[in-house]
Each structure stands twice: as C-alpha cells, then as structure tokens.
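So the structure is just underneath, and the comments pick up after that.
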Amino acid sequence: MNIAMTLEMAAEAFPDRIAVTSAGASMTYAQLLAAARSAGTAIRDSGCRYVGLLDINSLAVPVAIFASAYAGVPYVPMNYRLTKPELEELLGRIAPAFLIADPAYVDGLAMPPGMRIVTRADLLDLARSPAPADLAPAGEPHDTAIQLFTSGTTGKPKAAILRHEHLMSYILGTIDFGSAADDDAVLISVPPYHIAGISAVLSSTYAGRRMVQLPNFEAAAWLDLCRNERVTNAFVVPTVLSRVIDHLNAKGEEPRCPALKAVAYGGGKMPLAVIERAMELFPGTGFTNAYGLTETSSTIAILDPDDHRSAMASSDPAVRKRLTSVGKPIATVEIDVRDDSGKSLGVNQAGEIFVRGGQVAGEYLGMGSVLDANGWFPTRDRGYLDQYGYLYLDGRADDVIVRGGENISPGEIEDVLLTHPAVLDVAIVAVPDEQWGENVGAAVVLKDGASATADELQQWVKDRLRSSRVPATVAFKDQLPYNEMGKILRRVVKQELANPPAK
Amino acid sequence: MKVLKAGTRLKSAVCDAEVMVIRATPAEVAMTCGGVEMIGMTDPKAAAAIDPAHAGGCLVGKRYVDAQDQFEFLCTKGGKGSLALDGATLTVKQAKALPSSD
C-alpha cells in the first residue's frame, strides 16, 4: 500500500482525463504520473530526508505529494503564514530537506544546512525530464507518507505522522475507484498544509475527478471558478462558506452555480445560521458535514445531504438539531465516548471522543503512538452520541473550564450569548479565580452600532443557564483572534483575559 | 499455494495484471491469474501463456471476491487473464454508494 498507487491506477484507467487545473494551466493523469516519477527521481537522488512545501496551491502540489512517495521520503507541507521564528523552528526539524518554496516565503529566513530550495516552476521543470516509466514507489506501507505540523492552537506544533497504510485505508474505505463522472470537477480552496488539502488530492485522484485549485481564497473568485469551470464538488471551511454568502448578499447576486452537486464542509464549527442560509441559496446542492482530524487521516464522521434536508424540513426540534451534529461515524471507524476515568458513556452523555480504525494514525514524531492498548485514539474533542447515533461536538477537552470541581464547556455559554441581539461573536475561556480555581471569562464582540453592558449579558446567561455558567468577567473586544482556518485561538483569548492590558 | 495477507500486492505471471489483497482468511490458497499462480511484485514472469479457460481479463479499480465472500482483491492494474482462487473464478463486487466528504 502506497499513496502512489492511486495515481498509477488513475493514469491507467483515465490517462487523458485532466487531473488538475490551476491558474489556467492543466495536467492530465498520465502527465501527473510522469511528472511525479521524474520529480521523485530527482528528490531521491538529492539525498534529502524530507520534502518540504512553503507555498500556496499550484500544479506543483500534487506533483510534490506523489513525487515524495516515489522518492520514499515524507512530504511536509507547512503553513506559510507562520512567523519567521516559527518557520525557522519547523525548517530546523526537517533539515536536510528538498524545499519547494515561493521565494517570498523564505526571504530572510535563516536556513539550516543541507536544504535544497526550489521554486514551484523549478519543480515542474524537473518533472518534465524523462524518468524510468516503470519506477515503483519506494518504501513500505508502514513508512511515513505525510508529516503535518499541528496548528498549535494550544502550544508548540507537534509533528503528526501519517503512514501510507493509514491514508490508503481511508481512501479504500471511503472512495470507489473511478467513481467520478467525466465532467466532474472539485474546487480546492483549502491550503496545501491542511489534512483536507491532502485528502482532497488523494481522493480526487482515486475517484478520477478533476481538481480545480483556488490558491488564494476570495469569494468572487470562488464563485467565478465554480461557474467557469463547471465545478461539481467543493470542500470548504466554515469561514469560506460564510464569506461566499456575505458576498452574494452584499452584491444582491444569485449563486448561479447549477453544476454544483455537492459541498462538503469541515475544519471548524459551522454556525447554524450559515448552513441554513447556504441551503436556501443553493437548493440543488447536497451539503455534507465532515468531521475529522489530522491524526485520523481526515474524515471520521459524516452528516450527509439527506440528513441535512430532513433536518431542515423538520419541525421536530430533536431532528432539526441534527444540523448542528457532525453526523454518524463512517463505516470503517468506531467511535466511543468516555468519561475522565476512561469508562464508556451512554447516549446523550458528554465526554471525550475516542476513535479506532485503519485510518487512525494517532502518532507524533518523537512522542510515539498515543493510541491505547486496544488501538483507540483520544481526540481531545468533547462530545456525545445521541440515541440515533448522531455525534455532537462540544469543544476541546483542553478548553473545559473547571470551576470548583464542576466541568463547564464553553460551547453552551457561547451558544446562549450568540442569541443576544447585540452580540456578533464570543469566546468563553477559563480565567484564574482565587475562590474557584477557574471561572468563566467571556470575550465579546458587539455588532456594529449595537450596545450591551456586562451586567446585561451576565443576566442573559443567568436567565437561560445554571448560575455557575454566568461569566465572572466580560471583556469587550473589537475582534477575536482566529487562525487562517477559522479556528478561534483560545490560548490567545485566555492570555488576554488573564492579563488585561493596562488602561 | 500461499497464505495471503491484507495489504499484500501480487502480479500476474502471464499478463499485466496486478492486485492488492483487501481481505483474506489465514488459509493456504492458490491465487491465480490467467490460470497461473500469481507472484510477488519483484518476481520474474513465467514463460507460460494464459490458459484459455482463464482469459476473461480483469479491470483496474474493480474489486473481486470469492463465492464465500472471504477473500477480496483490488485490481490495481488490468490484464488479459482472469482472477481465480483455488480454480474458481472470482466475480466483480458491486460498488456500493459510499458516503464521502471529498
């Protein structure tokens, strides 16, 4: 099992089908395979231990993923938006590496020794040189295919390891080979360093689906590509969907994307109002909520288009609520919810979500496997399964506020505050408290022109939740800190609330 | 005769076909393509020709199963020989619609 197998099969079955379109240029599956073998030979001969990527999406990205498999070295796409010291630290951890980089992202960085730095154009040049047509991918199923640095929303990035066997288990378990129609096209707007960016390349290749890249997200460009390239499938993070909707509203524009059959979303919590509005605006599109983690080779649970439609059409609050669920576990994984002592919990009881299956890697470089003796991976996500088997998320285990021994989940308080007419955005975090150890802190962004006092917001929570949920501290902010994937940086909010700037 | 393991790849001794074992039971079996036992990926091809009784071919991307549904193979490269387990020709497994996010 090797991820290159997906490409070899696609190139045999659909050699002349377009594999990827980027900024007007395209490559067929046969060309992508030849390019991967040529670039893979060059990488192998360089003697580098890793292939690094510090770049936006381009034709070089799928080439680099598969070329790394032929060279038998891990592929490590990194977040080009990190600060200089953060990038230098990551580069030090992968040296000597064959680094594909936009010069703008490496300008002024102190490089560790042994780096071979090329641009995306250099890589595509190398990929055009002839390579042995029968070159087999190097390495074993147990070798590392991909190494991804976690976003580090709570600390220093960890290097998550994904082996060929994990990624292929995901692909073989969730995609039918060649299931895409001739004219299918998937719009990829997620950056190359995100697990969804990797799985999009592997699943699209195995399905034989043309990839259309949007390297820098912008709502108008996203809609233009959907229309001009007759995009049938798209994966979006919640922020992207929300910005597309805002754009349509602002311009008073119709979506006009008749080819768009399917939109999958994930990578962060989708606000209920956004998905409801999206379903109204795109009535012919099936929406899928995909829940997954880097450590699980992508998706482990799915709320499918039928679930979305039936929830939307229902007047039963229990069914309607499903729009806020991440759906049911996919057939090839098992999910278990456990309490702090490790005991399995029953339906509707919230605890930590554990997952097991062939695609679950659960391993970090230098730390080893974090799977338990029976192969279960602790996701650090909290949640519960309802009586119908739908999984609901309830924030990160690390974000739970322990107030005098009582566990308080930020999500329920945030949901209540978001229903206040003046509140635009809110983050609930733990603040240090002499009496309780920790207490509830709220960072609140008000809507333009709206006003509300701390007392008013505290009363709003008190009227709707137990008194222990009432924020002890309310700080008003102009905006909250998010990373570029739309994940709130609670660590930063927590620091700000614990150490308020001097007035 | 060999014991097959999930994840193992085999190639045909007599045509271009290649397969990967998806599911297997731990029993010794003769996995053949074109009527000749399949070989390891780096083994040399046989001088033999395809047995006309096993010349139905196999198609890339299709999954093949035995009648008892104990063994499953993914054809990773198509060929002119057909796949058989202990002499019984394998059949194509019908693809079921898989829920997918990408």
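Chain labels follow the order of the structure tokens: the first chain is A, the next B, and so on; residue numbering restarts at 1 in every chain, and ligands are counted from 1 in their shown order.
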So which residues touch Ile245 of chain A within 9 Å, counting only C-alpha atoms, skipping near sequence neighbours fewer than 2 positions away, as number ranges by chain?
A: 219, 240-243, 247-250, 255, 274, 277-278, 281
Could you please take those selected residues and save C-alpha atoms as a PDB file, in the first residue's frame?
```pdb
ATOM      1  CA  ALA A 219     -15.445  34.945  -2.558  1.00  0.00           C
ATOM      2  CA  VAL A 240     -15.260  30.286   3.241  1.00  0.00           C
ATOM      3  CA  LEU A 241     -18.956  29.437   3.059  1.00  0.00           C
ATOM      4  CA  SER A 242     -19.795  32.367   5.258  1.00  0.00           C
ATOM      5  CA  ARG A 243     -17.808  34.765   3.041  1.00  0.00           C
ATOM      6  CA  HIS A 247     -20.602  38.310  -0.958  1.00  0.00           C
ATOM      7  CA  LEU A 248     -23.864  37.167  -2.542  1.00  0.00           C
ATOM      8  CA  ASN A 249     -25.838  39.247  -0.032  1.00  0.00           C
ATOM      9  CA  ALA A 250     -23.684  42.340  -0.495  1.00  0.00           C
ATOM     10  CA  PRO A 255     -25.354  31.929  -6.837  1.00  0.00           C
ATOM     11  CA  VAL A 274     -24.624  29.950   7.867  1.00  0.00           C
ATOM     12  CA  ARG A 277     -28.682  30.208   4.623  1.00  0.00           C
ATOM     13  CA  ALA A 278     -26.366  28.173   2.359  1.00  0.00           C
ATOM     14  CA  LEU A 281     -29.179  29.832  -1.529  1.00  0.00           C
TER      15      LEU A 281
END
```
Compute the chain A side of the contact with chain B at 8 Å, counting only C-alpha atoms, and hand it back as a PDB file with N, CA and C atoms, in the first residue's frame.
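Listing of iface-v2.pdb after writing:
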```
ATOM      1  N   MET A   1       0.844  -1.203   0.000  1.00  0.00           N
ATOM      2  CA  MET A   1       0.000   0.000   0.000  1.00  0.00           C
ATOM      3  C   MET A   1       0.866   1.235   0.000  1.00  0.00           C
ATOM      4  N   MET A   5      -0.122   4.467  -5.520  1.00  0.00           N
ATOM      5  CA  MET A   5      -0.985   3.503  -6.193  1.00  0.00           C
ATOM      6  C   MET A   5      -2.243   4.177  -6.756  1.00  0.00           C
ATOM      7  N   MET A   9      -3.162   3.895 -10.754  1.00  0.00           N
ATOM      8  CA  MET A   9      -4.445   3.346 -11.211  1.00  0.00           C
ATOM      9  C   MET A   9      -5.212   4.365 -12.047  1.00  0.00           C
ATOM     10  N   GLU A  12      -3.745   4.713 -15.440  1.00  0.00           N
ATOM     11  CA  GLU A  12      -4.037   3.586 -16.327  1.00  0.00           C
ATOM     12  C   GLU A  12      -5.478   3.654 -16.845  1.00  0.00           C
ATOM     13  N   ALA A  13      -6.403   3.987 -15.959  1.00  0.00           N
ATOM     14  CA  ALA A  13      -7.817   3.970 -16.344  1.00  0.00           C
ATOM     15  C   ALA A  13      -8.228   5.221 -17.130  1.00  0.00           C
ATOM     16  N   THR A 174     -13.386   4.727   1.746  1.00  0.00           N
ATOM     17  CA  THR A 174     -14.407   5.769   1.531  1.00  0.00           C
ATOM     18  C   THR A 174     -14.645   6.130   0.064  1.00  0.00           C
ATOM     19  N   ILE A 175     -13.770   5.734  -0.849  1.00  0.00           N
ATOM     20  CA  ILE A 175     -13.923   6.150  -2.253  1.00  0.00           C
ATOM     21  C   ILE A 175     -13.994   4.913  -3.152  1.00  0.00           C
ATOM     22  N   ASP A 176     -14.942   4.924  -4.093  1.00  0.00           N
ATOM     23  CA  ASP A 176     -14.958   3.902  -5.125  1.00  0.00           C
ATOM     24  C   ASP A 176     -14.047   4.354  -6.245  1.00  0.00           C
ATOM     25  N   PHE A 177     -13.146   3.465  -6.675  1.00  0.00           N
ATOM     26  CA  PHE A 177     -12.221   3.847  -7.731  1.00  0.00           C
ATOM     27  C   PHE A 177     -12.982   4.302  -8.979  1.00  0.00           C
ATOM     28  N   GLY A 178     -12.542   5.417  -9.545  1.00  0.00           N
ATOM     29  CA  GLY A 178     -13.120   5.884 -10.808  1.00  0.00           C
ATOM     30  C   GLY A 178     -14.575   6.290 -10.715  1.00  0.00           C
ATOM     31  N   SER A 199      -6.085  15.111   1.643  1.00  0.00           N
ATOM     32  CA  SER A 199      -7.058  14.074   1.316  1.00  0.00           C
ATOM     33  C   SER A 199      -7.817  14.441   0.041  1.00  0.00           C
ATOM     34  N   ALA A 200      -7.965  15.736  -0.242  1.00  0.00           N
ATOM     35  CA  ALA A 200      -8.633  16.148  -1.486  1.00  0.00           C
ATOM     36  C   ALA A 200      -7.840  15.637  -2.697  1.00  0.00           C
ATOM     37  N   SER A 203      -8.168  11.584  -2.667  1.00  0.00           N
ATOM     38  CA  SER A 203      -9.500  11.074  -3.027  1.00  0.00           C
ATOM     39  C   SER A 203      -9.876  11.449  -4.449  1.00  0.00           C
ATOM     40  N   SER A 204      -9.542  12.669  -4.860  1.00  0.00           N
ATOM     41  CA  SER A 204      -9.894  13.076  -6.222  1.00  0.00           C
ATOM     42  C   SER A 204      -9.168  12.196  -7.233  1.00  0.00           C
ATOM     43  N   ASN A 233     -18.163  19.684  -7.281  1.00  0.00           N
ATOM     44  CA  ASN A 233     -17.928  19.368  -5.870  1.00  0.00           C
ATOM     45  C   ASN A 233     -16.998  20.420  -5.270  1.00  0.00           C
ATOM     46  N   ALA A 234     -17.214  20.725  -3.991  1.00  0.00           N
ATOM     47  CA  ALA A 234     -16.292  21.651  -3.330  1.00  0.00           C
ATOM     48  C   ALA A 234     -16.176  21.282  -1.869  1.00  0.00           C
ATOM     49  N   PHE A 235     -14.990  21.513  -1.319  1.00  0.00           N
ATOM     50  CA  PHE A 235     -14.808  21.385   0.122  1.00  0.00           C
ATOM     51  C   PHE A 235     -14.515  22.779   0.657  1.00  0.00           C
ATOM     52  N   ALA A 264     -18.947  19.856   0.648  1.00  0.00           N
ATOM     53  CA  ALA A 264     -18.609  19.289   1.953  1.00  0.00           C
ATOM     54  C   ALA A 264     -17.923  20.375   2.764  1.00  0.00           C
ATOM     55  N   TYR A 265     -18.213  20.386   4.072  1.00  0.00           N
ATOM     56  CA  TYR A 265     -17.575  21.395   4.911  1.00  0.00           C
ATOM     57  C   TYR A 265     -17.045  20.759   6.179  1.00  0.00           C
ATOM     58  N   THR A 288     -22.631  18.239   2.958  1.00  0.00           N
ATOM     59  CA  THR A 288     -22.107  17.194   3.829  1.00  0.00           C
ATOM     60  C   THR A 288     -21.201  17.828   4.873  1.00  0.00           C
ATOM     61  N   ASN A 289     -21.480  17.525   6.141  1.00  0.00           N
ATOM     62  CA  ASN A 289     -20.576  17.975   7.201  1.00  0.00           C
ATOM     63  C   ASN A 289     -19.592  16.849   7.465  1.00  0.00           C
ATOM     64  N   ALA A 290     -18.309  17.145   7.344  1.00  0.00           N
ATOM     65  CA  ALA A 290     -17.278  16.128   7.534  1.00  0.00           C
ATOM     66  C   ALA A 290     -16.470  16.474   8.776  1.00  0.00           C
ATOM     67  N   THR A 299     -11.536  12.530   7.402  1.00  0.00           N
ATOM     68  CA  THR A 299     -12.911  12.361   7.887  1.00  0.00           C
ATOM     69  C   THR A 299     -13.182  11.077   8.662  1.00  0.00           C
ATOM     70  N   ILE A 302     -19.737  11.721   9.226  1.00  0.00           N
ATOM     71  CA  ILE A 302     -20.370  12.482   8.141  1.00  0.00           C
ATOM     72  C   ILE A 302     -21.845  12.719   8.428  1.00  0.00           C
ATOM     73  N   ASP A 304     -24.770  13.562   6.165  1.00  0.00           N
ATOM     74  CA  ASP A 304     -24.878  13.545   4.705  1.00  0.00           C
ATOM     75  C   ASP A 304     -26.003  14.461   4.203  1.00  0.00           C
ATOM     76  N   ILE A 330     -18.222   7.025   9.921  1.00  0.00           N
ATOM     77  CA  ILE A 330     -18.176   6.307   8.651  1.00  0.00           C
ATOM     78  C   ILE A 330     -17.994   4.813   8.954  1.00  0.00           C
TER      79      ILE A 330
END
```
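Atom pair atom CA of Asp433 of chain A / atom CA of Asp455 of chain A has a distance of 19.0 Å (rounded to one decimal).
Those residues that approach Thr119 of chain A to within 10 Å, counting only C-alpha atoms, are Leu53, Leu54, Asp55, Ala60, Leu99, Ile100, Ala101, Asp102, Pro103, Leu123, Leu124 and Asp125 of chain A; same-chain residues fewer than 4 positions away are not listed.
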Could you pull out the residues in segment 249-452 of chain A that DSSP calls strand (DSSP E or B) from the backbone, as number ranges by chain?
A: 262-265, 286-293, 298-303, 327-329, 333-338, 344, 351-357, 363-364, 368-369, 377-385, 391-396, 401-403, 406-408, 423-433, 437-446
Residues near Asp16 of chain B, cut-off 9 Å, only C-alpha atoms, skip fewer than 2 positions along chain, as an NGL selection string:
:B and (11-14 or 18 or 77-81)
Keeping C-alpha atoms for every residue in the selection just given, could you write it to a file as a short mmCIF file (atom, residue, chain, number, x, y, z; two decimals), in the first residue's frame?
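So the final result, stored in result.cif, reads:
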```cif
data_model
loop_
_atom_site.label_atom_id
_atom_site.label_comp_id
_atom_site.auth_asym_id
_atom_site.auth_seq_id
_atom_site.Cartn_x
_atom_site.Cartn_y
_atom_site.Cartn_z
CA LYS B 11 1.24 -9.58 -10.01
CA SER B 12 0.21 -11.94 -12.76
CA ALA B 13 2.87 -14.37 -14.01
CA VAL B 14 1.36 -14.30 -17.50
CA GLU B 18 -1.69 -6.64 -10.54
CA LYS B 77 -3.56 -2.89 -12.92
CA GLY B 78 -5.75 -4.53 -15.55
CA GLY B 79 -4.74 -7.59 -17.58
CA LYS B 80 -5.95 -10.23 -20.03
CA GLY B 81 -6.03 -13.07 -17.51
#
```
Find the residues near segment 400-417 of chain A: any atom within 9 Å, counting only C-alpha atoms, skip ones fewer than 2 places away on the same chain, and give them as a ChimeraX atom specification.
/A:382,394-398,419-421,423,425-431,433,435-440,442,444,457,460-461,464-465,468-471
Writing out the chosen residues with N, CA and C atoms as a compact mmCIF listing (two decimals), in the first residue's frame:
```txt
# COMPACT_ATOMS: atom_id res chain seq x y z
N ARG A 382 -14.45 16.96 22.87
CA ARG A 382 -15.55 16.50 23.71
C ARG A 382 -16.82 16.41 22.88
N ASP A 394 -18.64 19.18 21.38
CA ASP A 394 -18.85 20.09 22.50
C ASP A 394 -17.52 20.71 22.90
N GLY A 395 -16.75 21.12 21.89
CA GLY A 395 -15.49 21.82 22.16
C GLY A 395 -14.33 20.88 22.43
N ARG A 396 -13.18 21.46 22.73
CA ARG A 396 -11.98 20.69 23.00
C ARG A 396 -11.91 20.35 24.49
N ALA A 397 -11.44 19.15 24.79
CA ALA A 397 -11.30 18.75 26.20
C ALA A 397 -10.43 19.75 26.95
N ASP A 398 -9.41 20.28 26.26
CA ASP A 398 -8.48 21.22 26.92
C ASP A 398 -9.13 22.57 27.21
N THR A 419 -27.15 34.27 20.92
CA THR A 419 -28.56 34.57 20.63
C THR A 419 -28.94 35.97 21.12
N HIS A 420 -28.03 36.64 21.86
CA HIS A 420 -28.31 38.01 22.30
C HIS A 420 -28.24 38.93 21.08
N PRO A 421 -29.24 39.80 20.90
CA PRO A 421 -29.29 40.60 19.67
C PRO A 421 -28.07 41.50 19.43
N VAL A 423 -24.89 40.73 20.23
CA VAL A 423 -23.61 40.01 20.20
C VAL A 423 -23.30 39.47 18.80
N ASP A 425 -19.93 38.08 18.11
CA ASP A 425 -19.01 36.95 18.28
C ASP A 425 -18.62 36.86 19.75
N VAL A 426 -18.31 35.66 20.20
CA VAL A 426 -17.97 35.50 21.61
C VAL A 426 -17.05 34.29 21.80
N ALA A 427 -16.14 34.39 22.74
CA ALA A 427 -15.32 33.24 23.14
C ALA A 427 -15.36 33.13 24.65
N ILE A 428 -15.67 31.94 25.13
CA ILE A 428 -15.68 31.69 26.58
C ILE A 428 -14.41 30.90 26.92
N VAL A 429 -13.66 31.40 27.87
CA VAL A 429 -12.43 30.71 28.29
C VAL A 429 -12.34 30.71 29.82
N ALA A 430 -11.42 29.89 30.32
CA ALA A 430 -11.19 29.86 31.76
C ALA A 430 -10.36 31.07 32.16
N VAL A 431 -10.76 31.71 33.28
CA VAL A 431 -9.92 32.75 33.86
C VAL A 431 -9.56 32.31 35.29
N ASP A 433 -9.18 32.11 39.17
CA ASP A 433 -10.10 32.62 40.19
C ASP A 433 -9.65 32.08 41.54
N GLN A 435 -11.15 31.88 44.45
CA GLN A 435 -12.11 31.07 45.17
C GLN A 435 -12.38 29.74 44.48
N TRP A 436 -12.55 29.76 43.15
CA TRP A 436 -13.00 28.59 42.41
C TRP A 436 -11.89 27.86 41.65
N GLY A 437 -10.68 28.37 41.69
CA GLY A 437 -9.61 27.80 40.85
C GLY A 437 -9.68 28.39 39.46
N GLU A 438 -10.77 28.07 38.76
CA GLU A 438 -11.04 28.70 37.47
C GLU A 438 -12.46 29.23 37.48
N ASN A 439 -12.67 30.25 36.65
CA ASN A 439 -14.03 30.75 36.49
C ASN A 439 -14.27 31.05 35.01
N VAL A 440 -15.50 31.45 34.71
CA VAL A 440 -15.89 31.66 33.31
C VAL A 440 -15.55 33.09 32.89
N ALA A 442 -15.59 35.80 29.51
CA ALA A 442 -16.18 35.98 28.18
C ALA A 442 -15.48 37.12 27.45
N VAL A 444 -16.20 39.33 24.24
CA VAL A 444 -17.39 39.57 23.43
C VAL A 444 -17.13 40.65 22.38
N LEU A 457 -25.39 41.15 29.80
CA LEU A 457 -25.00 39.85 29.23
C LEU A 457 -24.96 38.77 30.31
N TRP A 460 -28.45 37.76 30.91
CA TRP A 460 -28.92 36.97 29.75
C TRP A 460 -28.54 35.49 29.94
N VAL A 461 -27.32 35.25 30.41
CA VAL A 461 -26.88 33.87 30.64
C VAL A 461 -27.61 33.29 31.85
N ARG A 464 -30.92 31.81 31.39
CA ARG A 464 -31.03 30.65 30.50
C ARG A 464 -30.22 29.43 30.92
N LEU A 465 -29.21 29.62 31.78
CA LEU A 465 -28.36 28.50 32.20
C LEU A 465 -28.17 28.53 33.71
N SER A 468 -23.66 28.78 37.68
CA SER A 468 -22.22 28.57 37.55
C SER A 468 -21.71 28.94 36.15
N ARG A 469 -22.63 29.04 35.19
CA ARG A 469 -22.26 29.36 33.80
C ARG A 469 -22.14 30.85 33.53
N VAL A 470 -22.56 31.65 34.48
CA VAL A 470 -22.54 33.10 34.25
C VAL A 470 -21.10 33.62 34.26
N PRO A 471 -20.68 34.30 33.19
CA PRO A 471 -19.30 34.79 33.14
C PRO A 471 -18.99 35.71 34.31
```
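Take the candidates B:Met1, B:Ala53, B:Val19, B:Leu83 and check each one against Cys33 of chain B using only C-alpha atoms; the shortest distance goes to B:Leu83.
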Find the distance between atom CA of Ala180 of chain A and atom CA of Arg210 of chain A and write it in Å to one decimal.
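Spanning atom CA of Ala180 of chain A to atom CA of Arg210 of chain A is a straight-line distance of 8.6 Å.
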Which residues, written as an MDAnalysis selection string, have at least one atom at most 10 Å from Leu85 of chain B, with only C-alpha atoms counted and residues fewer than 6 positions away on the same chain left out?
chainID B and resid 29:33 35 37 65:67 71
May I have the residues within 9 Å of segment 35-40 of chain A as number ranges by chain, using only C-alpha atoms and disregarding those fewer than 4 positions away in the same chain?
A: 4, 30-31, 44-45, 62-72, 123-137
What does the file look like for those residues with N, CA and C atoms, as a PDB file, in the first residue's frame?
```
ATOM      1  N   ALA A   4       0.980   6.366  -3.941  1.00  0.00           N
ATOM      2  CA  ALA A   4       1.228   6.486  -5.387  1.00  0.00           C
ATOM      3  C   ALA A   4       0.357   5.524  -6.189  1.00  0.00           C
ATOM      4  N   ALA A  30      -2.037  11.040 -16.871  1.00  0.00           N
ATOM      5  CA  ALA A  30      -0.805  10.445 -17.392  1.00  0.00           C
ATOM      6  C   ALA A  30       0.374  11.403 -17.186  1.00  0.00           C
ATOM      7  N   GLN A  31       0.125  12.703 -17.415  1.00  0.00           N
ATOM      8  CA  GLN A  31       1.199  13.694 -17.226  1.00  0.00           C
ATOM      9  C   GLN A  31       1.579  13.822 -15.755  1.00  0.00           C
ATOM     10  N   ARG A  44      14.872  11.771  -4.803  1.00  0.00           N
ATOM     11  CA  ARG A  44      15.603  10.612  -4.267  1.00  0.00           C
ATOM     12  C   ARG A  44      17.106  10.836  -4.414  1.00  0.00           C
ATOM     13  N   ASP A  45      17.526  11.304  -5.612  1.00  0.00           N
ATOM     14  CA  ASP A  45      18.959  11.496  -5.870  1.00  0.00           C
ATOM     15  C   ASP A  45      19.551  12.646  -5.065  1.00  0.00           C
ATOM     16  N   PRO A  62       0.205  18.627  -6.220  1.00  0.00           N
ATOM     17  CA  PRO A  62       0.000  17.187  -6.420  1.00  0.00           C
ATOM     18  C   PRO A  62       1.263  16.484  -6.917  1.00  0.00           C
ATOM     19  N   VAL A  63       2.066  17.169  -7.721  1.00  0.00           N
ATOM     20  CA  VAL A  63       3.329  16.562  -8.171  1.00  0.00           C
ATOM     21  C   VAL A  63       4.197  16.245  -6.955  1.00  0.00           C
ATOM     22  N   ALA A  64       4.313  17.197  -6.030  1.00  0.00           N
ATOM     23  CA  ALA A  64       5.175  17.008  -4.855  1.00  0.00           C
ATOM     24  C   ALA A  64       4.669  15.884  -3.950  1.00  0.00           C
ATOM     25  N   ILE A  65       3.356  15.796  -3.766  1.00  0.00           N
ATOM     26  CA  ILE A  65       2.806  14.742  -2.896  1.00  0.00           C
ATOM     27  C   ILE A  65       3.215  13.367  -3.429  1.00  0.00           C
ATOM     28  N   PHE A  66       2.978  13.150  -4.746  1.00  0.00           N
ATOM     29  CA  PHE A  66       3.261  11.827  -5.307  1.00  0.00           C
ATOM     30  C   PHE A  66       4.757  11.618  -5.532  1.00  0.00           C
ATOM     31  N   ALA A  67       5.491  12.679  -5.873  1.00  0.00           N
ATOM     32  CA  ALA A  67       6.941  12.551  -6.067  1.00  0.00           C
ATOM     33  C   ALA A  67       7.604  12.109  -4.762  1.00  0.00           C
ATOM     34  N   SER A  68       7.122  12.632  -3.629  1.00  0.00           N
ATOM     35  CA  SER A  68       7.680  12.231  -2.336  1.00  0.00           C
ATOM     36  C   SER A  68       7.490  10.737  -2.119  1.00  0.00           C
ATOM     37  N   ALA A  69       6.322  10.212  -2.554  1.00  0.00           N
ATOM     38  CA  ALA A  69       6.050   8.777  -2.408  1.00  0.00           C
ATOM     39  C   ALA A  69       7.027   7.967  -3.273  1.00  0.00           C
ATOM     40  N   TYR A  70       7.316   8.454  -4.488  1.00  0.00           N
ATOM     41  CA  TYR A  70       8.284   7.737  -5.331  1.00  0.00           C
ATOM     42  C   TYR A  70       9.686   7.818  -4.754  1.00  0.00           C
ATOM     43  N   ALA A  71      10.012   8.965  -4.116  1.00  0.00           N
ATOM     44  CA  ALA A  71      11.345   9.117  -3.531  1.00  0.00           C
ATOM     45  C   ALA A  71      11.450   8.374  -2.198  1.00  0.00           C
ATOM     46  N   GLY A  72      10.311   8.047  -1.606  1.00  0.00           N
ATOM     47  CA  GLY A  72      10.324   7.346  -0.324  1.00  0.00           C
ATOM     48  C   GLY A  72      10.668   8.238   0.854  1.00  0.00           C
ATOM     49  N   LEU A 123      10.416  22.914  -9.816  1.00  0.00           N
ATOM     50  CA  LEU A 123       9.954  21.540  -9.611  1.00  0.00           C
ATOM     51  C   LEU A 123       9.274  21.027 -10.879  1.00  0.00           C
ATOM     52  N   LEU A 124       8.456  21.883 -11.494  1.00  0.00           N
ATOM     53  CA  LEU A 124       7.749  21.449 -12.707  1.00  0.00           C
ATOM     54  C   LEU A 124       8.739  21.237 -13.854  1.00  0.00           C
ATOM     55  N   ASP A 125       9.849  22.001 -13.873  1.00  0.00           N
ATOM     56  CA  ASP A 125      10.912  21.761 -14.868  1.00  0.00           C
ATOM     57  C   ASP A 125      11.545  20.389 -14.653  1.00  0.00           C
ATOM     58  N   LEU A 126      11.910  20.118 -13.400  1.00  0.00           N
ATOM     59  CA  LEU A 126      12.490  18.802 -13.062  1.00  0.00           C
ATOM     60  C   LEU A 126      11.524  17.689 -13.467  1.00  0.00           C
ATOM     61  N   ALA A 127      10.234  17.957 -13.281  1.00  0.00           N
ATOM     62  CA  ALA A 127       9.212  16.950 -13.528  1.00  0.00           C
ATOM     63  C   ALA A 127       9.061  16.654 -15.022  1.00  0.00           C
ATOM     64  N   ARG A 128       9.588  17.551 -15.860  1.00  0.00           N
ATOM     65  CA  ARG A 128       9.488  17.321 -17.304  1.00  0.00           C
ATOM     66  C   ARG A 128      10.625  16.461 -17.838  1.00  0.00           C
ATOM     67  N   SER A 129      11.676  16.219 -17.028  1.00  0.00           N
ATOM     68  CA  SER A 129      12.782  15.398 -17.515  1.00  0.00           C
ATOM     69  C   SER A 129      12.339  13.932 -17.525  1.00  0.00           C
ATOM     70  N   PRO A 130      12.912  13.136 -18.457  1.00  0.00           N
ATOM     71  CA  PRO A 130      12.447  11.754 -18.561  1.00  0.00           C
ATOM     72  C   PRO A 130      12.813  10.930 -17.318  1.00  0.00           C
ATOM     73  N   ALA A 131      11.938  10.013 -16.963  1.00  0.00           N
ATOM     74  CA  ALA A 131      12.192   9.129 -15.815  1.00  0.00           C
ATOM     75  C   ALA A 131      11.846   7.714 -16.236  1.00  0.00           C
ATOM     76  N   PRO A 132      12.421   6.719 -15.573  1.00  0.00           N
ATOM     77  CA  PRO A 132      12.072   5.342 -15.906  1.00  0.00           C
ATOM     78  C   PRO A 132      10.571   5.127 -15.761  1.00  0.00           C
ATOM     79  N   ALA A 133       9.918   4.641 -16.822  1.00  0.00           N
ATOM     80  CA  ALA A 133       8.460   4.545 -16.843  1.00  0.00           C
ATOM     81  C   ALA A 133       7.941   3.536 -15.828  1.00  0.00           C
ATOM     82  N   ASP A 134       8.795   2.601 -15.428  1.00  0.00           N
ATOM     83  CA  ASP A 134       8.304   1.569 -14.518  1.00  0.00           C
ATOM     84  C   ASP A 134       8.760   1.811 -13.082  1.00  0.00           C
ATOM     85  N   LEU A 135       9.228   3.050 -12.799  1.00  0.00           N
ATOM     86  CA  LEU A 135       9.706   3.360 -11.450  1.00  0.00           C
ATOM     87  C   LEU A 135       8.611   3.065 -10.423  1.00  0.00           C
ATOM     88  N   ALA A 136       8.946   2.207  -9.456  1.00  0.00           N
ATOM     89  CA  ALA A 136       7.969   1.865  -8.419  1.00  0.00           C
ATOM     90  C   ALA A 136       8.188   2.787  -7.233  1.00  0.00           C
ATOM     91  N   PRO A 137       7.106   3.108  -6.490  1.00  0.00           N
ATOM     92  CA  PRO A 137       7.293   3.930  -5.302  1.00  0.00           C
ATOM     93  C   PRO A 137       8.199   3.223  -4.297  1.00  0.00           C
TER      94      PRO A 137
END
```
